[in-house]
>>> print(open('my_file04.cif').read())   # mmCIF, C-alpha atoms and all ligand atoms
data_start
loop_
_atom_site.group_PDB
_atom_site.id
_atom_site.type_symbol
_atom_site.label_atom_id
_atom_site.label_comp_id
_atom_site.auth_asym_id
_atom_site.auth_seq_id
_atom_site.Cartn_x
_atom_site.Cartn_y
_atom_site.Cartn_z
ATOM 1 C CA MET C 1 168.955 136.316 -8.322
ATOM 2 C CA LYS C 2 167.487 135.203 -4.987
ATOM 3 C CA LEU C 3 169.835 132.878 -3.133
ATOM 4 C CA LEU C 4 167.640 131.618 -0.302
ATOM 5 C CA GLU C 5 164.270 131.086 -1.985
ATOM 6 C CA GLY C 6 162.110 128.648 0.015
ATOM 7 C CA LYS C 7 164.611 128.355 2.859
ATOM 8 C CA THR C 8 163.863 128.815 6.537
ATOM 9 C CA VAL C 9 166.611 130.848 8.169
ATOM 10 C CA LEU C 10 167.064 131.195 11.926
ATOM 11 C CA VAL C 11 169.091 134.073 13.364
ATOM 12 C CA THR C 12 169.961 134.615 17.027
ATOM 13 C CA GLY C 13 170.266 138.074 18.554
ATOM 14 C CA ALA C 14 168.523 139.452 15.502
ATOM 15 C CA SER C 15 166.621 142.472 16.796
ATOM 16 C CA THR C 16 169.650 144.751 16.291
ATOM 17 C CA GLY C 17 172.985 145.088 14.510
ATOM 18 C CA ILE C 18 174.553 142.320 12.451
ATOM 19 C CA GLY C 19 171.858 139.770 13.315
ATOM 20 C CA ARG C 20 169.110 142.093 12.155
ATOM 21 C CA ALA C 21 170.973 142.871 8.917
ATOM 22 C CA ALA C 22 171.457 139.122 8.324
ATOM 23 C CA ALA C 23 167.759 138.418 8.960
ATOM 24 C CA ILE C 24 166.664 141.144 6.548
ATOM 25 C CA GLY C 25 169.328 140.143 4.015
ATOM 26 C CA ALA C 26 168.016 136.559 4.121
ATOM 27 C CA ALA C 27 164.456 137.795 3.569
ATOM 28 C CA GLN C 28 165.603 139.920 0.623
ATOM 29 C CA HIS C 29 166.937 136.655 -0.812
ATOM 30 C CA GLY C 30 163.574 134.888 -0.458
ATOM 31 C CA ALA C 31 163.871 133.230 2.962
ATOM 32 C CA ASP C 32 161.315 132.972 5.733
ATOM 33 C CA VAL C 33 163.020 134.039 8.935
ATOM 34 C CA VAL C 34 162.808 133.118 12.603
ATOM 35 C CA ILE C 35 164.542 135.539 14.900
ATOM 36 C CA ASN C 36 165.661 135.051 18.463
ATOM 37 C CA TYR C 37 165.972 138.120 20.683
ATOM 38 C CA ALA C 38 166.878 138.719 24.297
ATOM 39 C CA ASN C 39 164.774 141.473 25.810
ATOM 40 C CA SER C 40 163.252 144.295 23.872
ATOM 41 C CA ASP C 41 160.006 143.378 22.133
ATOM 42 C CA GLY C 42 159.885 146.630 20.100
ATOM 43 C CA PRO C 43 162.988 146.145 17.918
ATOM 44 C CA ALA C 44 162.118 142.446 17.433
ATOM 45 C CA ALA C 45 158.611 143.352 16.259
ATOM 46 C CA SER C 46 159.983 145.990 13.886
ATOM 47 C CA CYS C 47 162.427 143.456 12.407
ATOM 48 C CA VAL C 48 159.508 141.059 11.799
ATOM 49 C CA ALA C 49 157.500 143.897 10.212
ATOM 50 C CA GLU C 50 160.414 144.810 7.933
ATOM 51 C CA ILE C 51 160.691 141.197 6.753
ATOM 52 C CA GLU C 52 156.942 140.938 6.174
ATOM 53 C CA ALA C 53 157.078 144.152 4.140
ATOM 54 C CA LEU C 54 159.513 142.303 1.861
ATOM 55 C CA GLY C 55 156.817 139.672 1.278
ATOM 56 C CA GLN C 56 158.395 136.976 3.449
ATOM 57 C CA ARG C 57 157.140 135.332 6.636
ATOM 58 C CA ALA C 58 158.802 135.956 9.998
ATOM 59 C CA ILE C 59 158.313 135.279 13.683
ATOM 60 C CA ALA C 60 160.239 136.478 16.728
ATOM 61 C CA VAL C 61 160.972 134.178 19.657
ATOM 62 C CA LYS C 62 162.197 135.648 22.930
ATOM 63 C CA GLY C 63 164.924 133.783 24.821
ATOM 64 C CA ASP C 64 168.303 134.010 26.514
ATOM 65 C CA VAL C 65 170.795 131.990 24.439
ATOM 66 C CA ALA C 66 172.864 131.323 27.567
ATOM 67 C CA ASP C 67 170.152 128.849 28.604
ATOM 68 C CA PRO C 68 170.466 125.598 26.582
ATOM 69 C CA GLN C 69 166.677 125.142 26.691
ATOM 70 C CA THR C 70 166.293 128.368 24.657
ATOM 71 C CA ALA C 71 167.938 126.646 21.671
ATOM 72 C CA GLN C 72 165.550 123.683 21.799
ATOM 73 C CA ASP C 73 162.539 126.004 22.105
ATOM 74 C CA PHE C 74 163.780 128.270 19.285
ATOM 75 C CA VAL C 75 164.159 125.395 16.836
ATOM 76 C CA ALA C 76 160.818 123.865 17.911
ATOM 77 C CA LYS C 77 159.019 127.189 17.317
ATOM 78 C CA ALA C 78 160.667 127.508 13.887
ATOM 79 C CA VAL C 79 159.527 124.018 12.880
ATOM 80 C CA GLU C 80 156.028 124.701 14.224
ATOM 81 C CA ALA C 81 155.809 127.929 12.182
ATOM 82 C CA PHE C 82 157.567 127.039 8.921
ATOM 83 C CA GLY C 83 158.025 123.254 9.014
ATOM 84 C CA LYS C 84 161.828 123.065 8.804
ATOM 85 C CA VAL C 85 165.218 124.604 9.524
ATOM 86 C CA ASP C 86 167.615 125.141 6.603
ATOM 87 C CA VAL C 87 170.015 127.728 7.987
ATOM 88 C CA MET C 88 171.146 128.751 11.463
ATOM 89 C CA VAL C 89 172.982 132.045 11.894
ATOM 90 C CA SER C 90 174.439 132.011 15.409
ATOM 91 C CA ASN C 91 175.034 135.679 16.069
ATOM 92 C CA ALA C 92 173.972 136.720 19.574
ATOM 93 C CA GLY C 93 176.858 138.079 21.618
ATOM 94 C CA ILE C 94 178.023 140.585 24.191
ATOM 95 C CA CYS C 95 181.282 142.437 24.792
ATOM 96 C CA PRO C 96 181.274 144.344 28.061
ATOM 97 C CA PHE C 97 184.667 146.069 27.653
ATOM 98 C CA HIS C 98 186.669 145.832 30.918
ATOM 99 C CA ALA C 99 190.299 145.822 32.096
ATOM 100 C CA PHE C 100 191.897 142.431 32.795
ATOM 101 C CA LEU C 101 193.371 142.690 36.289
ATOM 102 C CA ASP C 102 190.119 143.544 38.058
ATOM 103 C CA MET C 103 187.719 141.733 35.717
ATOM 104 C CA PRO C 104 184.667 140.639 37.748
ATOM 105 C CA VAL C 105 184.012 136.895 37.776
ATOM 106 C CA ASP C 106 180.369 137.335 36.806
ATOM 107 C CA VAL C 107 181.298 139.349 33.684
ATOM 108 C CA VAL C 108 183.651 136.584 32.518
ATOM 109 C CA GLU C 109 181.111 133.847 33.190
ATOM 110 C CA ARG C 110 178.249 135.683 31.502
ATOM 111 C CA THR C 111 180.353 136.483 28.416
ATOM 112 C CA PHE C 112 181.435 132.851 28.075
ATOM 113 C CA LYS C 113 177.868 131.621 28.566
ATOM 114 C CA VAL C 114 176.222 133.969 26.072
ATOM 115 C CA ASN C 115 178.890 133.950 23.364
ATOM 116 C CA LEU C 116 180.228 130.402 23.479
ATOM 117 C CA HIS C 117 177.756 128.168 25.314
ATOM 118 C CA GLY C 118 174.934 130.015 23.543
ATOM 119 C CA ALA C 119 176.471 129.370 20.129
ATOM 120 C CA TYR C 120 177.222 125.748 21.009
ATOM 121 C CA PHE C 121 173.670 124.862 21.998
ATOM 122 C CA MET C 122 172.062 126.835 19.154
ATOM 123 C CA VAL C 123 174.269 125.099 16.585
ATOM 124 C CA GLN C 124 173.593 121.714 18.186
ATOM 125 C CA ALA C 125 169.814 122.210 18.252
ATOM 126 C CA ALA C 126 169.764 123.334 14.608
ATOM 127 C CA ALA C 127 171.971 120.423 13.558
ATOM 128 C CA GLN C 128 169.753 117.887 15.369
ATOM 129 C CA GLN C 129 166.758 119.182 13.402
ATOM 130 C CA MET C 130 168.686 119.277 10.088
ATOM 131 C CA VAL C 131 169.848 115.679 10.553
ATOM 132 C CA LYS C 132 166.262 114.620 11.298
ATOM 133 C CA GLN C 133 165.073 116.351 8.102
ATOM 134 C CA GLY C 134 167.759 114.560 6.089
ATOM 135 C CA HIS C 135 168.482 117.200 3.458
ATOM 136 C CA GLY C 136 171.514 118.997 4.859
ATOM 137 C CA GLY C 137 171.754 122.617 5.847
ATOM 138 C CA SER C 138 174.051 125.522 6.493
ATOM 139 C CA ILE C 139 175.288 126.976 9.763
ATOM 140 C CA VAL C 140 176.988 130.359 9.898
ATOM 141 C CA ALA C 141 178.499 131.573 13.149
ATOM 142 C CA VAL C 142 179.350 135.203 13.737
ATOM 143 C CA SER C 143 182.855 134.964 15.145
ATOM 144 C CA SER C 144 185.197 137.976 14.853
ATOM 145 C CA ILE C 145 188.539 139.372 13.792
ATOM 146 C CA SER C 146 188.993 139.030 17.566
ATOM 147 C CA ALA C 147 189.275 135.268 17.092
ATOM 148 C CA LEU C 148 192.664 136.042 15.515
ATOM 149 C CA VAL C 149 193.935 139.046 17.467
ATOM 150 C CA GLY C 150 193.684 140.290 21.049
ATOM 151 C CA GLY C 151 192.123 143.265 22.789
ATOM 152 C CA GLU C 152 193.272 144.877 26.042
ATOM 153 C CA HIS C 153 189.721 145.231 27.342
ATOM 154 C CA GLN C 154 188.443 142.051 25.665
ATOM 155 C CA THR C 155 190.302 139.292 27.541
ATOM 156 C CA HIS C 156 186.984 137.588 28.333
ATOM 157 C CA TYR C 157 185.567 138.181 24.834
ATOM 158 C CA THR C 158 188.314 137.190 22.383
ATOM 159 C CA PRO C 159 188.539 133.588 23.694
ATOM 160 C CA THR C 160 184.805 133.178 23.046
ATOM 161 C CA LYS C 161 185.201 134.367 19.460
ATOM 162 C CA ALA C 162 188.160 132.016 18.916
ATOM 163 C CA GLY C 163 185.942 129.328 20.439
ATOM 164 C CA VAL C 164 183.112 130.005 18.007
ATOM 165 C CA HIS C 165 185.546 129.832 15.082
ATOM 166 C CA SER C 166 186.891 126.523 16.431
ATOM 167 C CA LEU C 167 183.348 125.232 16.945
ATOM 168 C CA MET C 168 182.638 125.746 13.243
ATOM 169 C CA GLN C 169 185.799 123.819 12.328
ATOM 170 C CA SER C 170 184.839 120.835 14.485
ATOM 171 C CA THR C 171 181.149 120.829 13.575
ATOM 172 C CA ALA C 172 182.114 121.031 9.882
ATOM 173 C CA ILE C 173 183.777 117.637 10.423
ATOM 174 C CA ALA C 174 181.040 116.201 12.652
ATOM 175 C CA LEU C 175 178.234 117.245 10.302
ATOM 176 C CA GLY C 176 179.796 116.922 6.845
ATOM 177 C CA LYS C 177 178.425 113.406 6.455
ATOM 178 C CA HIS C 178 174.930 114.870 6.882
ATOM 179 C CA GLY C 179 175.464 117.500 4.192
ATOM 180 C CA ILE C 180 175.505 120.263 6.783
ATOM 181 C CA ARG C 181 178.084 123.000 6.145
ATOM 182 C CA CYS C 182 179.530 125.060 9.012
ATOM 183 C CA ASN C 183 181.390 128.322 8.473
ATOM 184 C CA SER C 184 182.115 131.518 10.317
ATOM 185 C CA VAL C 185 182.260 135.164 9.402
ATOM 186 C CA LEU C 186 184.881 137.281 11.129
ATOM 187 C CA PRO C 187 183.657 140.881 11.221
ATOM 188 C CA GLY C 188 186.186 143.639 11.879
ATOM 189 C CA THR C 189 184.859 146.707 13.662
ATOM 190 C CA ILE C 190 181.216 147.270 12.795
ATOM 191 C CA LEU C 191 179.278 150.202 14.225
ATOM 192 C CA THR C 192 176.552 148.684 16.419
ATOM 193 C CA GLU C 193 175.163 148.814 19.964
ATOM 194 C CA ILE C 194 177.891 146.432 21.164
ATOM 195 C CA ASN C 195 180.660 149.023 20.775
ATOM 196 C CA LYS C 196 178.713 152.298 20.872
ATOM 197 C CA ASP C 197 180.200 153.354 24.219
ATOM 198 C CA ASP C 198 183.685 152.085 23.388
ATOM 199 C CA LEU C 199 183.783 154.015 20.110
ATOM 200 C CA ALA C 200 182.341 157.155 21.693
ATOM 201 C CA ASP C 201 186.021 157.686 22.573
ATOM 202 C CA VAL C 202 186.939 159.781 19.526
ATOM 203 C CA GLU C 203 190.621 158.901 19.681
ATOM 204 C CA LYS C 204 189.889 155.177 19.722
ATOM 205 C CA ARG C 205 187.416 155.472 16.865
ATOM 206 C CA ARG C 206 189.940 157.397 14.747
ATOM 207 C CA TYR C 207 192.580 154.757 15.503
ATOM 208 C CA MET C 208 190.261 151.948 14.401
ATOM 209 C CA GLU C 209 189.299 153.830 11.241
ATOM 210 C CA ALA C 210 192.954 154.527 10.429
ATOM 211 C CA ARG C 211 193.697 150.791 10.732
ATOM 212 C CA THR C 212 191.126 150.002 8.044
ATOM 213 C CA PRO C 213 192.441 150.110 4.455
ATOM 214 C CA LEU C 214 188.928 150.665 3.065
ATOM 215 C CA GLY C 215 188.838 153.864 5.102
ATOM 216 C CA ARG C 216 185.712 153.364 7.188
ATOM 217 C CA LEU C 217 184.330 151.185 9.948
ATOM 218 C CA GLY C 218 181.736 148.630 8.932
ATOM 219 C CA ALA C 219 177.944 148.842 8.925
ATOM 220 C CA PRO C 220 175.788 145.826 9.900
ATOM 221 C CA GLU C 221 174.659 145.544 6.255
ATOM 222 C CA ASP C 222 178.282 144.831 5.252
ATOM 223 C CA LEU C 223 177.819 141.397 6.851
ATOM 224 C CA ALA C 224 174.537 140.542 5.139
ATOM 225 C CA GLY C 225 176.066 139.552 1.776
ATOM 226 C CA PRO C 226 178.806 137.313 3.208
ATOM 227 C CA ILE C 227 176.328 135.599 5.564
ATOM 228 C CA VAL C 228 173.746 135.052 2.796
ATOM 229 C CA PHE C 229 176.501 133.709 0.521
ATOM 230 C CA LEU C 230 177.731 131.175 3.098
ATOM 231 C CA ALA C 231 174.131 130.191 3.878
ATOM 232 C CA SER C 232 173.322 129.618 0.214
ATOM 233 C CA ASP C 233 174.043 126.894 -2.331
ATOM 234 C CA MET C 234 176.544 129.285 -3.953
ATOM 235 C CA ALA C 235 178.818 128.069 -1.145
ATOM 236 C CA ALA C 236 177.911 124.383 -1.632
ATOM 237 C CA TYR C 237 181.552 123.249 -1.327
ATOM 238 C CA VAL C 238 182.541 125.673 1.444
ATOM 239 C CA THR C 239 182.696 124.214 4.935
ATOM 240 C CA GLY C 240 184.983 124.771 7.906
ATOM 241 C CA ALA C 241 185.949 128.137 6.441
ATOM 242 C CA ALA C 242 186.252 131.536 8.050
ATOM 243 C CA LEU C 243 185.577 134.701 6.073
ATOM 244 C CA LEU C 244 187.094 137.973 7.293
ATOM 245 C CA VAL C 245 184.736 140.892 6.664
ATOM 246 C CA ASP C 246 186.834 143.701 8.058
ATOM 247 C CA GLY C 247 187.683 146.252 5.363
ATOM 248 C CA GLY C 248 191.223 144.880 5.458
ATOM 249 C CA MET C 249 191.872 145.691 9.122
ATOM 250 C CA TYR C 250 193.470 142.325 9.958
ATOM 251 C CA VAL C 251 196.188 142.396 7.325
ATOM 252 C CA ASN C 252 197.108 146.017 7.955
ATOM 253 C CA LEU C 253 200.397 145.810 9.811
ATOM 254 C CA GLN C 254 202.191 148.608 7.981
HETATM 255 P P1 LIG C 301 174.455 144.154 18.872
HETATM 256 O O1 LIG C 301 174.575 144.471 20.309
HETATM 257 O O2 LIG C 301 173.625 145.060 18.035
HETATM 258 O O3 LIG C 301 173.884 142.696 18.647
HETATM 259 C C1 LIG C 301 173.988 141.660 19.580
HETATM 260 C C2 LIG C 301 172.615 141.076 19.732
HETATM 261 O O4 LIG C 301 172.666 139.929 20.579
HETATM 262 C C3 LIG C 301 171.651 142.082 20.389
HETATM 263 O O5 LIG C 301 170.450 142.141 19.655
HETATM 264 C C4 LIG C 301 171.433 141.497 21.752
HETATM 265 O O6 LIG C 301 170.156 141.799 22.310
HETATM 266 C C5 LIG C 301 171.598 140.010 21.476
HETATM 267 N N1 LIG C 301 171.909 139.273 22.677
HETATM 268 C C6 LIG C 301 172.813 139.586 23.643
HETATM 269 N N2 LIG C 301 172.772 138.687 24.625
HETATM 270 C C7 LIG C 301 171.819 137.789 24.282
HETATM 271 C C8 LIG C 301 171.300 136.643 24.912
HETATM 272 N N3 LIG C 301 171.754 136.233 26.096
HETATM 273 N N4 LIG C 301 170.313 135.946 24.291
HETATM 274 C C9 LIG C 301 169.821 136.367 23.090
HETATM 275 N N5 LIG C 301 170.285 137.461 22.452
HETATM 276 C C10 LIG C 301 171.260 138.147 23.047
HETATM 277 O O7 LIG C 301 175.916 144.055 18.307
HETATM 278 P P2 LIG C 301 176.494 143.345 16.996
HETATM 279 O O8 LIG C 301 177.770 144.004 16.734
HETATM 280 O O9 LIG C 301 175.483 143.264 15.944
HETATM 281 O O10 LIG C 301 176.824 141.881 17.544
HETATM 282 C C11 LIG C 301 176.433 140.697 16.884
HETATM 283 C C12 LIG C 301 177.568 139.698 16.900
HETATM 284 O O11 LIG C 301 178.623 140.214 16.103
HETATM 285 C C13 LIG C 301 178.167 139.415 18.270
HETATM 286 O O12 LIG C 301 178.346 138.018 18.416
HETATM 287 C C14 LIG C 301 179.506 140.102 18.218
HETATM 288 O O13 LIG C 301 180.471 139.461 19.014
HETATM 289 C C15 LIG C 301 179.839 139.976 16.756
HETATM 290 N N6 LIG C 301 180.823 140.926 16.277
HETATM 291 C C16 LIG C 301 180.586 142.257 16.299
HETATM 292 C C17 LIG C 301 181.556 143.118 15.839
HETATM 293 C C18 LIG C 301 181.371 144.595 15.841
HETATM 294 O O14 LIG C 301 182.359 145.321 15.641
HETATM 295 N N7 LIG C 301 180.165 145.113 16.040
HETATM 296 C C19 LIG C 301 182.752 142.619 15.343
HETATM 297 C C20 LIG C 301 182.970 141.263 15.344
HETATM 298 C C21 LIG C 301 181.985 140.411 15.799
HETATM 299 C C1 LIG C 302 184.744 142.811 17.654
HETATM 300 C C2 LIG C 302 185.974 143.671 17.463
HETATM 301 C C3 LIG C 302 185.521 145.090 17.432
HETATM 302 C C4 LIG C 302 184.729 145.390 18.693
HETATM 303 C C5 LIG C 302 183.584 144.423 18.821
HETATM 304 C C6 LIG C 302 182.826 144.617 20.112
HETATM 305 O O1 LIG C 302 185.014 141.475 17.702
HETATM 306 O O2 LIG C 302 186.876 143.464 18.513
HETATM 307 O O3 LIG C 302 186.622 145.963 17.310
HETATM 308 O O4 LIG C 302 184.231 146.714 18.597
HETATM 309 O O5 LIG C 302 184.072 143.125 18.817
#
>>> encode(input="my_file04.cif", output="structure tokens")
Amino acid sequence: MKLLEGKTVLVTGASTGIGRAAAIGAAQHGADVVINYANSDGPAASCVAEIEALGQRAIAVKGDVADPQTAQDFVAKAVEAFGKVDVMVSNAGICPFHAFLDMPVDVVERTFKVNLHGAYFMVQAAAQQMVKQGHGGSIVAVSSISALVGGEHQTHYTPTKAGVHSLMQSTAIALGKHGIRCNSVLPGTILTEINKDDLADVEKRRYMEARTPLGRLGAPEDLAGPIVFLASDMAAYVTGAALLVDGGMYVNLQ
């Protein structure tokens, strides 16, 4: 069964990792997809090609989510290409691991701007378009297990992920009357570019694996199903919710 037939799905930061898996997962479920990407044209073009090979339409729009204008342009390009916006997956994010006491100001400010301001303006731009269309919609934000727990080298990052989770709670209230649902997924530790260097430390990787009851770290594709589900009408009465997708890492105290 295809869950997103005829829908237009927008995904930010979709040339790699979780965003890419979500974009391809949406296409496998019958959606046309508009991807935002930051820099590298090659991976964005290959994501578009992969979606087209599935028989769906796709375009890639370059833009830095930290700039509020990027969100307006992204939504406008989506409407120009496919006529509407049904789903926004706000996924783009960075996590430049760094100790707390000597954290550079610019690293904090950039992380806040990309992860939190970026999500805020993308969600707002999508919601403005959905309200104009008048037939509801679904917004899925990629928050994190790190919205719930801390990280020694993530003092700038975890507040942004808690912020994204909180944003979905408040927008669920603000947008419910328009039939727009807002939820977040909370991935655990997923092997992607964002933590490649961090997990190159074999001891740390083994520790993270040992914390995971399902016995392995996640792959980007592990997020595709939960994101497609929340985006789809299968989740018609789900809003303001947060879905942990972490192999059980969060509950594993002892
Ligand atoms: P990733 O590095 O593969 O993906 C992040 C994507 O965001 C990249 O494609 C990157 O180019 C893009 N991006 C970064 N800054 C951007 C900007 N300013 N404008 C537009 N795009 C930008 O890593 P990922 O793990 O797939 O990360 C995706 C999301 O998942 C992030 O929000 C991250 O916080 C979240 N997350 C990841 C994990 C994990 O363990 N990998 C766990 C929890 C949450
Ligand atoms: C996640 C979580 C993971 C980390 C990534 C970068 O939210 O903290 O463990 O690898 O961020």
>>> closest_residue(input="my_file04.cif", among="C:Cys47, C:Val9, C:Ile194, C:Leu199", to="His29 of chain C", atoms="all atoms listed in the file")
C:Val9
>>> closest_residue(input="my_file04.cif", among="C:Val185, C:Ala92, C:Met1, C:Ala26", to="Gly13 of chain C", atoms="only C-alpha atoms")
C:Ala92
>>> closest_residue(input="my_file04.cif", among="C:Ala172, C:Val108, C:Ile18, C:Val75", to="ligand LIG 302 (chain C)", atoms="all atoms listed in the file")
C:Ile18
>>> closest_atom_pairs(input="my_file04.cif", of="chain C", to="ligand LIG 302 (chain C)", cutoff="6 Å", atoms="all atoms listed in the file", output="tab-separated table")
residue	atom	partner	partner_atom	distance
C:Cys95	CA	C:LIG302	C6	5.4
C:Ser144	CA	C:LIG302	O1	4.5
C:Ile145	CA	C:LIG302	O1	5.7
C:Ser146	CA	C:LIG302	O1	4.7
C:Gly188	CA	C:LIG302	C2	5.6
C:Thr189	CA	C:LIG302	O3	4.1
C:Ile194	CA	C:LIG302	C6	5.4
C:Asn195	CA	C:LIG302	O4	4.8
>>> resolve_selection(input="my_file04.cif", expression="the PyMOL selection byres (((not hetatm)) within 6 of (chain C and resi 301))", output="list in words")
Gly13, Ala14, Ser15, Thr16, Gly17, Ile18, Gly19, Tyr37, Ala38, Gly63, Asp64, Val65, Ala66, Asn91, Ala92, Gly93, Ile94, Val114, Val142, Ser143, Ser144, Pro187, Gly188, Thr189, Ile190, Leu191, Thr192, Glu193 and Ile194 of chain C
>>> closest_residue(input="my_file04.cif", among="C:Thr212, C:Gln56, C:Asn252, C:Ser138", to="Ala236 of chain C", atoms="only C-alpha atoms")
C:Ser138
>>> residues_near_point(input="my_file04.cif", point="(188.4, 134.7, 4.6)", cutoff="10 Å", atoms="only C-alpha atoms", output="PDB file with C-alpha atoms, keeping the file's coordinate frame")
ATOM      1  CA  SER C 184     182.115 131.518  10.317  1.00  0.00           C
ATOM      2  CA  VAL C 185     182.260 135.164   9.402  1.00  0.00           C
ATOM      3  CA  LEU C 186     184.881 137.281  11.129  1.00  0.00           C
ATOM      4  CA  ALA C 241     185.949 128.137   6.441  1.00  0.00           C
ATOM      5  CA  ALA C 242     186.252 131.536   8.050  1.00  0.00           C
ATOM      6  CA  LEU C 243     185.577 134.701   6.073  1.00  0.00           C
ATOM      7  CA  LEU C 244     187.094 137.973   7.293  1.00  0.00           C
ATOM      8  CA  VAL C 245     184.736 140.892   6.664  1.00  0.00           C
ATOM      9  CA  ASP C 246     186.834 143.701   8.058  1.00  0.00           C
TER      10      ASP C 246
END
>>> resolve_selection(input="my_file04.cif", expression="the PyMOL selection byres (((chain C and resi 217) around 10) and not hetatm)", output="MDAnalysis selection string")
chainID C and resid 188:191 205:206 208:216 218:219 222 246:247 249
>>> build_atoms(input="my_file04.cif", residues="segment 56-75 of chain C", atoms="N, CA and C atoms", output="PDB file, keeping the file's coordinate frame")
ATOM      1  N   GLN C  56     158.016 138.270   2.864  1.00  0.00           N
ATOM      2  CA  GLN C  56     158.395 136.976   3.449  1.00  0.00           C
ATOM      3  C   GLN C  56     157.714 136.817   4.804  1.00  0.00           C
ATOM      4  N   ARG C  57     157.725 135.591   5.318  1.00  0.00           N
ATOM      5  CA  ARG C  57     157.140 135.332   6.636  1.00  0.00           C
ATOM      6  C   ARG C  57     158.231 135.440   7.702  1.00  0.00           C
ATOM      7  N   ALA C  58     157.827 135.864   8.899  1.00  0.00           N
ATOM      8  CA  ALA C  58     158.802 135.956   9.998  1.00  0.00           C
ATOM      9  C   ALA C  58     158.095 135.833  11.333  1.00  0.00           C
ATOM     10  N   ILE C  59     158.786 135.237  12.293  1.00  0.00           N
ATOM     11  CA  ILE C  59     158.313 135.279  13.683  1.00  0.00           C
ATOM     12  C   ILE C  59     159.508 135.608  14.578  1.00  0.00           C
ATOM     13  N   ALA C  60     159.199 136.168  15.738  1.00  0.00           N
ATOM     14  CA  ALA C  60     160.239 136.478  16.728  1.00  0.00           C
ATOM     15  C   ALA C  60     159.996 135.631  17.964  1.00  0.00           C
ATOM     16  N   VAL C  61     161.063 135.035  18.476  1.00  0.00           N
ATOM     17  CA  VAL C  61     160.972 134.178  19.657  1.00  0.00           C
ATOM     18  C   VAL C  61     161.933 134.731  20.708  1.00  0.00           C
ATOM     19  N   LYS C  62     161.370 135.073  21.865  1.00  0.00           N
ATOM     20  CA  LYS C  62     162.197 135.648  22.930  1.00  0.00           C
ATOM     21  C   LYS C  62     162.957 134.549  23.663  1.00  0.00           C
ATOM     22  N   GLY C  63     164.199 134.790  24.043  1.00  0.00           N
ATOM     23  CA  GLY C  63     164.924 133.783  24.821  1.00  0.00           C
ATOM     24  C   GLY C  63     166.384 134.137  25.013  1.00  0.00           C
ATOM     25  N   ASP C  64     166.902 133.770  26.168  1.00  0.00           N
ATOM     26  CA  ASP C  64     168.303 134.010  26.514  1.00  0.00           C
ATOM     27  C   ASP C  64     169.136 132.835  25.983  1.00  0.00           C
ATOM     28  N   VAL C  65     170.030 133.097  25.040  1.00  0.00           N
ATOM     29  CA  VAL C  65     170.795 131.990  24.439  1.00  0.00           C
ATOM     30  C   VAL C  65     171.719 131.290  25.433  1.00  0.00           C
ATOM     31  N   ALA C  66     171.999 131.950  26.560  1.00  0.00           N
ATOM     32  CA  ALA C  66     172.864 131.323  27.567  1.00  0.00           C
ATOM     33  C   ALA C  66     172.209 130.090  28.188  1.00  0.00           C
ATOM     34  N   ASP C  67     170.887 129.993  28.071  1.00  0.00           N
ATOM     35  CA  ASP C  67     170.152 128.849  28.604  1.00  0.00           C
ATOM     36  C   ASP C  67     169.992 127.805  27.491  1.00  0.00           C
ATOM     37  N   PRO C  68     170.544 126.604  27.647  1.00  0.00           N
ATOM     38  CA  PRO C  68     170.466 125.598  26.582  1.00  0.00           C
ATOM     39  C   PRO C  68     169.033 125.294  26.131  1.00  0.00           C
ATOM     40  N   GLN C  69     168.078 125.420  27.043  1.00  0.00           N
ATOM     41  CA  GLN C  69     166.677 125.142  26.691  1.00  0.00           C
ATOM     42  C   GLN C  69     166.156 126.121  25.630  1.00  0.00           C
ATOM     43  N   THR C  70     166.713 127.355  25.641  1.00  0.00           N
ATOM     44  CA  THR C  70     166.293 128.368  24.657  1.00  0.00           C
ATOM     45  C   THR C  70     166.511 127.847  23.232  1.00  0.00           C
ATOM     46  N   ALA C  71     167.606 127.146  23.013  1.00  0.00           N
ATOM     47  CA  ALA C  71     167.938 126.646  21.671  1.00  0.00           C
ATOM     48  C   ALA C  71     166.902 125.613  21.226  1.00  0.00           C
ATOM     49  N   GLN C  72     166.549 124.706  22.132  1.00  0.00           N
ATOM     50  CA  GLN C  72     165.550 123.683  21.799  1.00  0.00           C
ATOM     51  C   GLN C  72     164.202 124.340  21.482  1.00  0.00           C
ATOM     52  N   ASP C  73     163.827 125.317  22.304  1.00  0.00           N
ATOM     53  CA  ASP C  73     162.539 126.004  22.105  1.00  0.00           C
ATOM     54  C   ASP C  73     162.537 126.795  20.793  1.00  0.00           C
ATOM     55  N   PHE C  74     163.661 127.431  20.493  1.00  0.00           N
ATOM     56  CA  PHE C  74     163.780 128.270  19.285  1.00  0.00           C
ATOM     57  C   PHE C  74     163.583 127.416  18.026  1.00  0.00           C
ATOM     58  N   VAL C  75     164.267 126.292  17.996  1.00  0.00           N
ATOM     59  CA  VAL C  75     164.159 125.395  16.836  1.00  0.00           C
ATOM     60  C   VAL C  75     162.743 124.810  16.751  1.00  0.00           C
TER      61      VAL C  75
END
